[in-house]
$ cat entry_39.cif   # mmCIF, C-alpha atoms and all ligand atoms
data_query
#
loop_
_atom_site.label_atom_id
_atom_site.label_comp_id
_atom_site.auth_asym_id
_atom_site.auth_seq_id
_atom_site.Cartn_x
_atom_site.Cartn_y
_atom_site.Cartn_z
CA MET A 192 73.84 60.45 96.72
CA GLU A 193 70.12 59.69 96.39
CA VAL A 194 68.86 59.06 92.87
CA PRO A 195 65.55 60.90 92.27
CA PRO A 196 62.73 58.63 90.99
CA ASN A 197 62.55 58.07 87.22
CA HIS A 198 66.09 59.46 86.70
CA ILE A 199 68.73 57.59 84.71
CA MET A 200 72.51 58.03 84.34
CA ILE A 201 73.96 59.55 81.19
CA SER A 202 77.45 60.60 80.11
CA LEU A 203 78.26 63.29 77.56
CA ASP A 204 81.48 63.78 75.64
CA VAL A 205 82.71 66.39 73.12
CA VAL A 206 83.56 65.12 69.62
CA SER A 207 87.33 65.71 69.08
CA LEU A 208 87.73 68.35 71.78
CA PHE A 209 90.99 70.20 70.98
CA PRO A 210 90.38 70.97 67.28
CA SER A 211 86.77 71.96 68.09
CA VAL A 212 87.41 74.63 70.73
CA PRO A 213 86.82 78.01 69.03
CA ARG A 214 89.77 80.32 69.74
CA LYS A 215 87.66 83.46 69.61
CA LEU A 216 85.35 82.05 72.29
CA ALA A 217 88.35 81.06 74.44
CA LEU A 218 89.79 84.59 74.30
CA ASN A 219 86.39 86.14 75.06
CA ILE A 220 86.03 83.93 78.13
CA ILE A 221 89.40 85.18 79.40
CA LYS A 222 88.22 88.78 79.00
CA GLU A 223 84.90 88.03 80.74
CA SER A 224 86.44 86.22 83.69
CA TRP A 225 89.33 88.64 84.11
CA HIS A 226 88.27 89.50 87.68
CA GLU A 227 89.24 85.93 88.63
CA ILE A 228 92.36 85.57 86.46
CA GLN A 229 93.95 88.89 87.53
CA ARG A 230 94.58 87.55 91.03
CA HIS A 231 97.13 85.13 89.57
CA THR A 232 99.11 87.50 87.34
CA THR A 233 100.87 90.87 87.42
CA ILE A 234 100.32 91.71 83.74
CA GLY A 235 97.33 93.63 82.38
CA ARG A 236 94.26 92.14 80.67
CA ASP A 237 94.98 93.23 77.11
CA LEU A 238 98.58 92.04 77.19
CA PHE A 239 97.46 88.73 78.77
CA VAL A 240 94.92 88.15 76.00
CA GLU A 241 97.54 89.07 73.39
CA VAL A 242 100.04 86.59 74.85
CA VAL A 243 97.50 83.74 74.93
CA SER A 244 96.37 84.59 71.41
CA PHE A 245 100.00 84.62 70.23
CA CYS A 246 100.62 81.20 71.79
CA LEU A 247 97.52 79.74 70.14
CA GLU A 248 98.07 81.24 66.71
CA THR A 249 101.80 80.76 66.16
CA THR A 250 102.01 77.00 66.53
CA HIS A 251 102.70 75.05 63.39
CA PHE A 252 103.38 71.45 62.48
CA VAL A 253 105.20 69.54 59.77
CA PHE A 254 103.53 66.76 57.80
CA LYS A 255 105.31 64.96 54.97
CA GLY A 256 107.87 67.75 54.74
CA GLN A 257 105.24 70.50 54.46
CA ASN A 258 104.72 73.19 57.08
CA TYR A 259 101.14 73.82 58.20
CA ILE A 260 99.49 76.39 60.44
CA GLN A 261 96.37 75.32 62.34
CA LYS A 262 93.61 77.80 61.52
CA ASP A 263 91.27 77.23 64.48
CA GLY A 264 90.96 75.07 67.57
CA LEU A 265 93.62 74.35 70.13
CA PRO A 266 96.99 72.99 68.99
CA MET A 267 97.67 69.34 69.89
CA GLY A 268 100.64 68.91 72.20
CA SER A 269 100.76 72.52 73.40
CA PRO A 270 100.87 72.82 77.21
CA LEU A 271 98.33 75.63 76.95
CA SER A 272 95.66 73.53 75.23
CA PRO A 273 94.44 71.40 78.19
CA VAL A 274 94.11 74.54 80.35
CA MET A 275 92.18 76.44 77.69
CA ALA A 276 89.96 73.42 76.96
CA ASP A 277 89.10 73.24 80.66
CA VAL A 278 88.35 76.98 80.85
CA VAL A 279 86.05 76.78 77.82
CA MET A 280 84.30 73.64 79.10
CA ASN A 281 83.66 75.22 82.52
CA HIS A 282 82.20 78.30 80.87
CA ALA A 283 80.10 76.22 78.46
CA LEU A 284 78.71 74.09 81.26
CA THR A 285 77.71 77.13 83.35
CA LYS A 286 75.93 78.73 80.41
CA ILE A 287 74.22 75.48 79.36
CA MET A 288 72.96 74.78 82.89
CA GLU A 289 71.60 78.34 83.24
CA GLY A 290 69.09 77.74 80.45
CA MET A 291 68.34 74.09 81.19
CA SER A 292 64.64 73.32 81.54
CA THR A 293 65.05 69.57 82.15
CA SER A 294 65.98 68.27 85.61
CA VAL A 295 69.72 67.53 85.75
CA VAL A 296 71.23 66.29 89.04
CA GLY A 297 74.59 64.98 90.25
CA LEU A 298 76.52 66.78 87.51
CA THR A 299 80.23 65.84 87.45
CA LYS A 300 82.86 66.84 84.92
CA TYR A 301 86.40 65.86 84.02
CA VAL A 302 87.67 68.05 81.13
CA ASP A 303 85.05 67.12 78.50
CA ASP A 304 83.64 63.98 80.13
CA ILE A 305 80.34 64.83 81.80
CA PHE A 306 78.24 62.62 84.05
CA CYS A 307 74.74 63.41 85.28
CA LEU A 308 71.27 62.04 86.08
CA THR A 309 68.21 63.10 84.16
CA PRO A 310 64.68 61.74 83.51
CA ARG A 311 64.64 59.15 80.70
CA GLU A 312 62.31 61.24 78.54
CA GLY A 313 64.54 64.33 78.99
CA VAL A 314 67.74 62.84 77.47
CA GLU A 315 67.07 64.20 73.96
CA ASN A 316 66.32 67.65 75.35
CA VAL A 317 69.53 67.68 77.43
CA LEU A 318 71.61 66.68 74.40
CA SER A 319 70.10 69.32 72.13
CA LYS A 320 70.65 71.95 74.86
CA PHE A 321 74.36 70.99 75.04
CA ASN A 322 74.70 71.00 71.24
CA SER A 323 73.05 74.40 70.82
CA PHE A 324 75.78 76.13 72.87
CA HIS A 325 78.23 76.46 69.96
CA PRO A 326 78.14 74.89 66.46
CA ASN A 327 81.77 73.71 66.82
CA LEU A 328 81.29 72.03 70.20
CA GLN A 329 79.19 68.96 69.51
CA PHE A 330 78.42 66.36 72.17
CA THR A 331 77.61 62.67 72.02
CA VAL A 332 75.51 61.03 74.71
CA GLU A 333 75.62 57.58 76.27
CA VAL A 334 72.72 56.23 78.32
CA GLU A 335 72.95 53.66 81.14
CA LYS A 336 72.45 49.99 80.21
CA ASN A 337 71.03 47.51 82.75
CA GLY A 338 71.50 50.03 85.55
CA GLY A 339 75.20 50.73 84.81
CA ILE A 340 77.36 53.17 82.84
CA ALA A 341 81.12 53.58 82.32
CA TYR A 342 82.53 56.93 83.40
CA LEU A 343 86.30 57.59 83.29
CA ASP A 344 88.00 54.71 85.17
CA THR A 345 84.85 53.64 87.00
CA TYR A 346 81.68 51.77 86.22
CA VAL A 347 78.76 53.43 88.00
CA ILE A 348 76.02 51.06 89.15
CA ARG A 349 72.55 52.15 90.28
CA GLU A 350 71.43 49.97 93.18
CA GLY A 351 67.94 51.09 94.25
CA SER A 352 68.31 54.80 94.88
CA ARG A 353 72.06 54.56 95.60
CA LEU A 354 75.03 54.92 93.23
CA ASN A 355 78.02 52.63 93.62
CA THR A 356 81.25 52.45 91.63
CA ILE A 357 83.63 49.69 90.67
CA TRP A 358 87.03 49.96 89.01
CA TYR A 359 86.61 49.82 85.24
CA LYS A 360 88.86 49.21 82.26
CA LYS A 361 87.94 49.54 78.61
CA PRO A 362 87.42 46.22 76.77
CA ILE A 363 90.38 47.08 74.51
CA ALA A 364 92.77 47.69 77.47
CA SER A 365 95.88 45.53 77.15
CA ASP A 366 96.18 44.88 80.93
CA ARG A 367 99.88 45.52 80.60
CA MET A 368 101.85 47.15 83.41
CA MET A 369 105.52 47.10 84.48
CA ASN A 370 106.44 43.45 83.97
CA PHE A 371 108.06 41.61 86.85
CA PHE A 372 110.93 40.50 84.58
CA SER A 373 111.53 44.04 83.36
CA GLN A 374 114.94 45.59 84.11
CA HIS A 375 113.79 47.82 86.95
CA PRO A 376 114.60 47.82 90.66
CA LEU A 377 112.35 45.50 92.68
CA GLN A 378 111.15 48.48 94.71
CA GLN A 379 109.64 50.09 91.58
CA LYS A 380 107.84 46.86 90.66
CA VAL A 381 106.37 46.56 94.16
CA SER A 382 105.28 50.23 94.05
CA THR A 383 103.57 49.65 90.69
CA ALA A 384 101.69 46.65 92.11
CA VAL A 385 100.73 48.50 95.31
CA GLY A 386 99.64 51.52 93.27
CA PHE A 387 97.36 49.33 91.18
CA LEU A 388 95.88 47.68 94.27
CA LYS A 389 95.18 51.07 95.90
CA ARG A 390 93.63 52.41 92.72
CA VAL A 391 91.21 49.51 92.36
CA GLN A 392 90.34 49.82 96.07
CA ARG A 393 89.77 53.57 95.89
CA LEU A 394 87.48 53.34 92.88
CA THR A 395 85.40 50.47 94.20
CA THR A 396 82.59 51.20 96.66
CA THR A 397 80.75 47.88 96.33
CA ASN A 398 81.46 44.22 95.58
CA HIS A 399 84.75 44.26 97.54
CA GLU A 400 85.44 40.54 97.16
CA ASN A 401 86.02 41.22 93.47
CA ILE A 402 89.06 43.43 94.16
CA LYS A 403 91.24 40.46 95.12
CA THR A 404 90.45 38.62 91.86
CA ILE A 405 91.16 41.72 89.74
CA VAL A 406 94.49 42.45 91.48
CA PHE A 407 95.70 38.83 91.47
CA THR A 408 94.76 38.25 87.80
CA ARG A 409 96.42 41.41 86.56
CA LEU A 410 99.64 40.94 88.56
CA LYS A 411 99.96 37.27 87.55
CA MET A 412 99.51 38.26 83.90
CA ASN A 413 102.47 40.58 84.24
CA GLY A 414 104.77 37.94 85.65
CA TYR A 415 104.53 38.72 89.39
CA PRO A 416 105.21 35.56 91.47
CA PRO A 417 102.21 34.35 93.56
CA GLY A 418 104.26 34.62 96.79
CA LEU A 419 104.98 38.31 96.20
CA ILE A 420 101.35 39.03 95.23
CA ASN A 421 100.20 37.42 98.49
CA THR A 422 102.68 39.47 100.53
CA ILE A 423 101.59 42.69 98.83
CA TRP A 424 97.92 41.83 99.34
CA ASN A 425 98.35 40.96 103.02
CA LYS A 426 100.41 44.06 103.76
CA TYR A 427 98.62 46.74 101.74
CA SER A 428 95.01 45.70 101.17
CA THR A 429 94.07 46.93 104.66
CA GLN A 430 96.38 49.97 105.04
CA GLN A 431 94.38 52.72 103.37
CA GLN A 432 96.01 55.93 104.57
CA LEU A 433 99.67 54.91 104.89
CA HIS A 434 101.00 57.02 102.02
CA THR A 435 99.30 60.32 102.81
CA THR A 436 100.26 60.44 106.50
CA THR A 437 104.01 59.88 105.98
CA GLU A 438 104.03 62.49 103.23
CA SER A 439 102.45 65.25 105.29
CA GLN A 440 104.81 64.58 108.22
CA ASN A 441 107.87 65.25 106.08
CA ASP A 442 106.62 68.44 104.46
CA ASP A 443 108.20 71.23 106.55
CA THR A 444 111.67 69.99 107.38
CA ASN A 445 112.52 68.67 103.95
CA THR A 446 116.20 69.28 103.12
CA THR A 447 116.66 66.12 101.05
CA ILE A 448 118.56 66.32 97.78
CA TYR A 449 116.89 64.32 95.01
CA LYS A 450 118.94 62.85 92.16
CA SER A 451 118.33 60.13 89.60
CA LEU A 452 120.68 57.47 88.24
CA THR A 453 120.36 55.21 85.21
CA TYR A 454 119.55 51.72 86.49
CA ILE A 455 122.07 48.95 85.86
CA PRO A 456 121.20 45.91 88.04
CA GLY A 457 123.85 45.28 90.70
CA LEU A 458 125.96 48.36 89.87
CA SER A 459 123.47 51.15 90.55
CA GLU A 460 122.65 49.83 94.04
CA ARG A 461 126.35 49.86 94.94
CA ILE A 462 126.86 53.40 93.66
CA ARG A 463 123.83 54.50 95.67
CA ARG A 464 125.21 52.90 98.86
CA LEU A 465 128.56 54.61 98.33
CA LEU A 466 127.00 58.04 97.74
CA ARG A 467 124.61 57.69 100.67
CA SER A 468 127.46 56.89 103.04
CA SER A 469 129.09 60.26 102.29
CA ILE A 470 126.02 62.48 101.77
CA SER A 471 123.38 62.01 104.46
CA ASP A 472 120.39 63.85 102.93
CA LEU A 473 120.71 62.30 99.51
CA HIS A 474 117.82 60.46 97.92
CA ILE A 475 118.64 58.57 94.74
CA SER A 476 116.00 57.14 92.44
CA PHE A 477 116.71 54.85 89.53
CA LYS A 478 115.53 55.56 86.02
CA SER A 479 115.54 53.58 82.82
CA ASN A 480 116.82 54.96 79.52
CA HIS A 481 114.82 52.33 77.70
CA THR A 482 111.42 54.03 77.64
CA VAL A 483 108.26 53.50 75.60
CA LYS A 484 109.23 56.61 73.62
CA THR A 485 112.50 55.03 72.48
CA LEU A 486 110.78 51.78 71.51
CA HIS A 487 108.06 53.22 69.29
CA THR A 488 108.36 54.25 65.68
CA ILE A 489 108.88 57.97 65.22
CA LEU A 490 105.52 59.25 63.98
CA LYS A 491 106.62 62.85 63.58
CA ASP A 492 108.56 63.99 60.54
CA ARG A 493 112.28 64.02 61.25
CA MET A 494 113.69 67.54 61.44
CA HIS A 495 116.31 68.40 58.83
CA THR A 496 119.88 67.97 60.17
CA GLU A 497 120.63 71.68 59.80
CA MET A 498 117.56 72.70 61.78
CA GLN A 499 118.38 70.58 64.84
CA SER A 500 119.77 72.16 67.98
CA GLY A 501 121.65 70.84 71.00
CA VAL A 502 123.91 68.57 68.97
CA VAL A 503 127.46 67.25 68.67
CA TYR A 504 128.28 67.40 64.97
CA CYS A 505 131.02 66.30 62.63
CA ILE A 506 132.18 68.11 59.45
CA GLN A 507 134.55 66.43 57.04
CA CYS A 508 137.33 68.30 55.27
CA GLU A 509 138.35 67.72 51.64
CA CYS A 510 141.48 65.97 53.01
CA ASP A 511 139.26 63.44 54.88
CA LYS A 512 140.15 64.85 58.30
CA VAL A 513 137.11 65.79 60.41
CA TYR A 514 136.15 68.53 62.82
CA VAL A 515 133.97 67.66 65.83
CA GLY A 516 132.01 70.46 67.46
CA LYS A 517 128.95 71.13 69.58
CA THR A 518 126.22 73.72 69.57
CA ILE A 519 123.22 74.43 71.75
CA ASN A 520 121.77 76.51 68.89
CA ARG A 521 120.69 75.32 65.48
CA LEU A 522 123.40 73.56 63.50
CA LYS A 523 122.64 75.89 60.57
CA THR A 524 123.63 78.93 62.64
CA ARG A 525 126.82 77.27 63.85
CA ILE A 526 127.84 76.30 60.31
CA TYR A 527 127.17 79.85 59.13
CA ASN A 528 129.52 81.10 61.87
CA HIS A 529 132.24 78.65 60.81
CA LYS A 530 131.98 79.75 57.17
CA TYR A 531 132.01 83.41 58.15
CA SER A 532 135.09 83.01 60.38
CA VAL A 533 137.02 81.13 57.68
CA LYS A 534 136.19 83.89 55.20
CA GLN A 535 137.28 86.60 57.64
CA ARG A 536 140.57 84.81 58.30
CA LEU A 537 141.27 84.34 54.61
CA GLU A 538 140.72 88.06 54.08
CA GLY A 539 143.27 88.75 56.81
CA LYS A 540 140.71 90.02 59.32
CA THR A 541 140.77 88.63 62.83
CA ASP A 542 137.71 87.03 64.35
CA GLN A 543 136.73 85.77 67.79
CA ASP A 544 136.06 82.24 66.54
CA ALA A 545 139.52 80.65 66.47
CA THR A 546 138.29 77.07 66.30
CA ALA A 547 140.47 74.23 65.05
CA LEU A 548 138.27 74.18 61.95
CA VAL A 549 139.20 77.76 61.07
CA THR A 550 142.90 77.17 61.77
CA HIS A 551 142.97 74.01 59.65
CA ALA A 552 141.12 75.61 56.75
CA ARG A 553 143.37 78.67 56.78
CA GLU A 554 146.73 76.93 57.24
CA ASN A 555 146.10 74.30 54.57
CA GLY A 556 143.81 76.24 52.27
CA HIS A 557 141.26 73.40 52.60
CA THR A 558 137.49 73.56 52.30
CA PHE A 559 135.15 71.70 54.67
CA LYS A 560 132.08 69.87 53.35
CA TYR A 561 129.58 71.87 55.39
CA GLU A 562 126.57 70.53 53.49
CA GLU A 563 127.44 66.98 54.52
CA ALA A 564 127.68 67.71 58.26
CA THR A 565 126.42 64.79 60.36
CA ILE A 566 125.04 64.63 63.89
CA LEU A 567 126.92 62.38 66.31
CA ASP A 568 124.90 62.98 69.47
CA ARG A 569 122.06 65.02 70.91
CA CYS A 570 121.54 66.63 74.30
CA THR A 571 119.77 69.76 75.50
CA HIS A 572 121.79 70.06 78.71
CA GLY A 573 124.84 72.34 78.28
CA LYS A 574 127.26 70.48 80.59
CA GLN A 575 126.29 67.06 79.25
CA LEU A 576 126.67 68.32 75.69
CA GLU A 577 130.18 69.54 76.52
CA PHE A 578 131.02 66.08 77.87
CA LEU A 579 129.61 64.36 74.77
CA GLU A 580 131.69 66.63 72.55
CA MET A 581 134.86 65.67 74.44
CA LEU A 582 133.89 62.01 74.16
CA HIS A 583 133.51 62.21 70.38
CA ILE A 584 136.70 64.24 69.95
CA ASN A 585 138.49 61.55 71.90
CA LEU A 586 136.93 58.75 69.87
CA THR A 587 137.93 60.36 66.57
CA SER A 588 141.35 61.56 67.78
CA SER A 589 143.30 59.80 64.99
CA GLN A 590 141.41 61.59 62.21
CA ASN A 591 140.21 64.91 63.62
CA VAL A 592 141.71 68.39 63.45
CA ASN A 593 140.54 69.33 66.96
CA LYS A 594 142.98 70.74 69.48
CA LYS A 595 144.38 68.51 72.22
CA THR A 596 143.14 71.05 74.79
CA ASP A 597 139.53 70.30 73.74
CA THR A 598 139.54 67.07 75.75
CA GLU A 599 141.79 68.13 78.63
CA THR A 600 139.01 68.28 81.23
CA ILE A 601 137.73 64.76 80.58
CA SER A 602 138.33 62.75 83.75
CA ASN A 603 140.75 59.81 83.83
CA ILE A 604 137.91 57.70 85.22
CA TYR A 605 136.63 57.34 81.68
CA SER A 606 139.92 56.29 80.05
CA SER A 607 139.29 52.54 80.19
CA LEU A 608 135.73 53.02 78.96
CA LEU A 609 136.95 55.23 76.11
CA HIS A 610 139.60 52.70 75.22
CA ARG A 611 136.96 49.97 74.99
CA MET A 612 134.62 52.17 72.93
CA LYS A 613 137.45 52.97 70.50
CA GLN A 614 138.29 49.29 70.08
CA GLU A 615 134.63 48.45 69.41
CA GLN A 616 134.40 51.27 66.89
CA GLN A 617 137.55 50.11 65.10
CA SER A 618 136.31 46.52 64.88
CA ARG A 619 132.98 47.77 63.48
CA GLU A 620 134.88 49.79 60.85
CA ARG A 621 137.01 46.77 59.92
CA GLU A 622 133.89 44.64 59.54
CA ARG A 623 132.28 47.28 57.35
CA ASP A 624 135.40 47.61 55.17
CA SER A 625 135.66 43.87 54.61
CA PHE A 626 131.95 43.77 53.78
CA ILE A 627 132.39 46.53 51.19
CA THR A 628 135.41 44.73 49.63
CA CYS A 629 133.37 41.54 49.60
CA ILE A 630 130.38 42.99 47.73
CA SER A 631 132.43 45.15 45.35
CA SER A 632 134.64 42.27 44.09
CA PRO A 633 132.72 39.04 44.64
CA ASP A 634 134.76 36.74 42.29
CA ARG A 635 138.01 37.51 44.08
CA VAL A 636 136.52 36.36 47.39
CA HIS A 637 135.07 33.12 46.00
CA ARG A 638 138.21 32.15 44.15
CA PRO A 639 140.04 29.28 45.96
ZN ZN B 701 141.81 69.39 55.39
#
$ encode --input "entry_39.cif" --output "structure tokens"
Amino acid sequence: MEVPPNHIMISLDVVSLFPSVPRKLALNIIKESWHEIQRHTTIGRDLFVEVVSFCLETTHFVFKGQNYIQKDGLPMGSPLSPVMADVVMNHALTKIMEGMSTSVVGLTKYVDDIFCLTPREGVENVLSKFNSFHPNLQFTVEVEKNGGIAYLDTYVIREGSRLNTIWYKKPIASDRMMNFFSQHPLQQKVSTAVGFLKRVQRLTTTNHENIKTIVFTRLKMNGYPPGLINTIWNKYSTQQQLHTTTESQNDDTNTTIYKSLTYIPGLSERIRRLLRSSISDLHISFKSNHTVKTLHTILKDRMHTEMQSGVVYCIQCECDKVYVGKTINRLKTRIYNHKYSVKQRLEGKTDQDATALVTHARENGHTFKYEEATILDRCTHGKQLEFLEMLHINLTSSQNVNKKTDTETISNIYSSLLHRMKQEQQSRERERDSFITCISSPDRVHRP
């Protein structure tokens, strides 16, 4: 692209985008651009607007135990918000550009990040034009410094009348990527390194000799051995189109079955080999259960036990026996059903729910401590939840009231694993008991 004389690069950005997008404006835009939207849906305009409005207005969040409803703007974390933000930004940009009196060229947008060229003396005018579109949508502007400006993951450099880009990272970026010593298959580490190399290459249109330094520095920092970095560089730094061509070739005749397995070094590779030898079109990828999400502190308020769904739970009886159950619904609902069934049985009425809990309560006249129910495991997948329930029934077999038939379908493959888990659990309980004895009667322990 040729840069017109006297023009400079600027970038514009909306101040806190999601909370600033006016809902009313968003819904009006949908109505106005219905002729385009209707091609993608079978429902009518009014119903469509009502559905979107419902999705935007019924989200709530919990902060320090209090429930809040967001009054305006787009809800954070809703899958609808990025789409709506983009729709509003597109509309805003069209309207703003229609009434723009200053020369604006090379306009590029990514959600709310805008890049363009404008005469130096027109910058103030451009900014005020953007800010006059809607009082809620306020923009900030950044002007090029020494012929360069950061935009998304690139740094745009003006060289004469030409624009070039180089790969850019924010000064606060940690430079961290999948570490070479991380517990992942080697293939994934190589892919991460190659992906990084390709990204830097793709975003850099000038100063190519710099790419090698960037790639080598970053990979070394993350523990990659120099030999491997060299191999990756020699093999991939020249092959630009490798990935896209193989992908398009496979498109039509794809009958491959894709499955993922938790990665345990040494074991997972063997399982994959075994499965591949019997199923020809099987593609197995490895995944890690140790993700960033599990490492970080939980920032959201924890949901009350009763309100959680997709759980394996445990309810203790007054006689210290326990009942282990599962529910895909909220625990509160399940407990209500248990209470109701026990009541029905005691009144001599029959009920569908003939769980071991009901039988135990009725036969012994015992009461379960419903309010003290605890959660043993969580899972949103029905079959996996069923398995987890069987696992916990098995682990608590000496003290639960559950029926023997509850664990009948658990495969024998797991028996040695279950045995080991039970032993570990028992030793943990023994340790805990001796600790409690120790702290409750300290002089007895210290006496010779
Ligand atoms: Zn009991």
$ atom_distance --input "entry_39.cif" --atom1 "atom CA of A:Leu265" --atom2 "atom CA of A:Cys246"
9.9 Å
$ closest_atom_pairs --input "entry_39.cif" --of "chain A" --to "ligand ZN 701 (chain B)" --cutoff "6 Å" --atoms "all atoms listed in the file" --output "tab-separated table"
residue	atom	partner	partner_atom	distance
A:Cys508	CA	B:ZN701	ZN	4.6
A:Glu509	CA	B:ZN701	ZN	5.4
A:Cys510	CA	B:ZN701	ZN	4.2
A:Lys512	CA	B:ZN701	ZN	5.6
A:His557	CA	B:ZN701	ZN	4.9
$ closest_residue --input "entry_39.cif" --among "A:Leu318, A:Thr550, A:Arg464, A:Leu522" --to "A:Met494" --atoms "only C-alpha atoms"
A:Leu522
$ residues_around --input "entry_39.cif" --residues "A:Val502" --least-positions-apart "3" --cutoff "7 Å" --atoms "all atoms listed in the file" --output "list in words"
Lys517, Thr518, Ile519, Ile566, Asp568, Arg569 and Cys570 of chain A
$ atom_distance --input "entry_39.cif" --atom1 "atom CA of A:Pro326" --atom2 "atom CA of A:Ser211"
9.3 Å
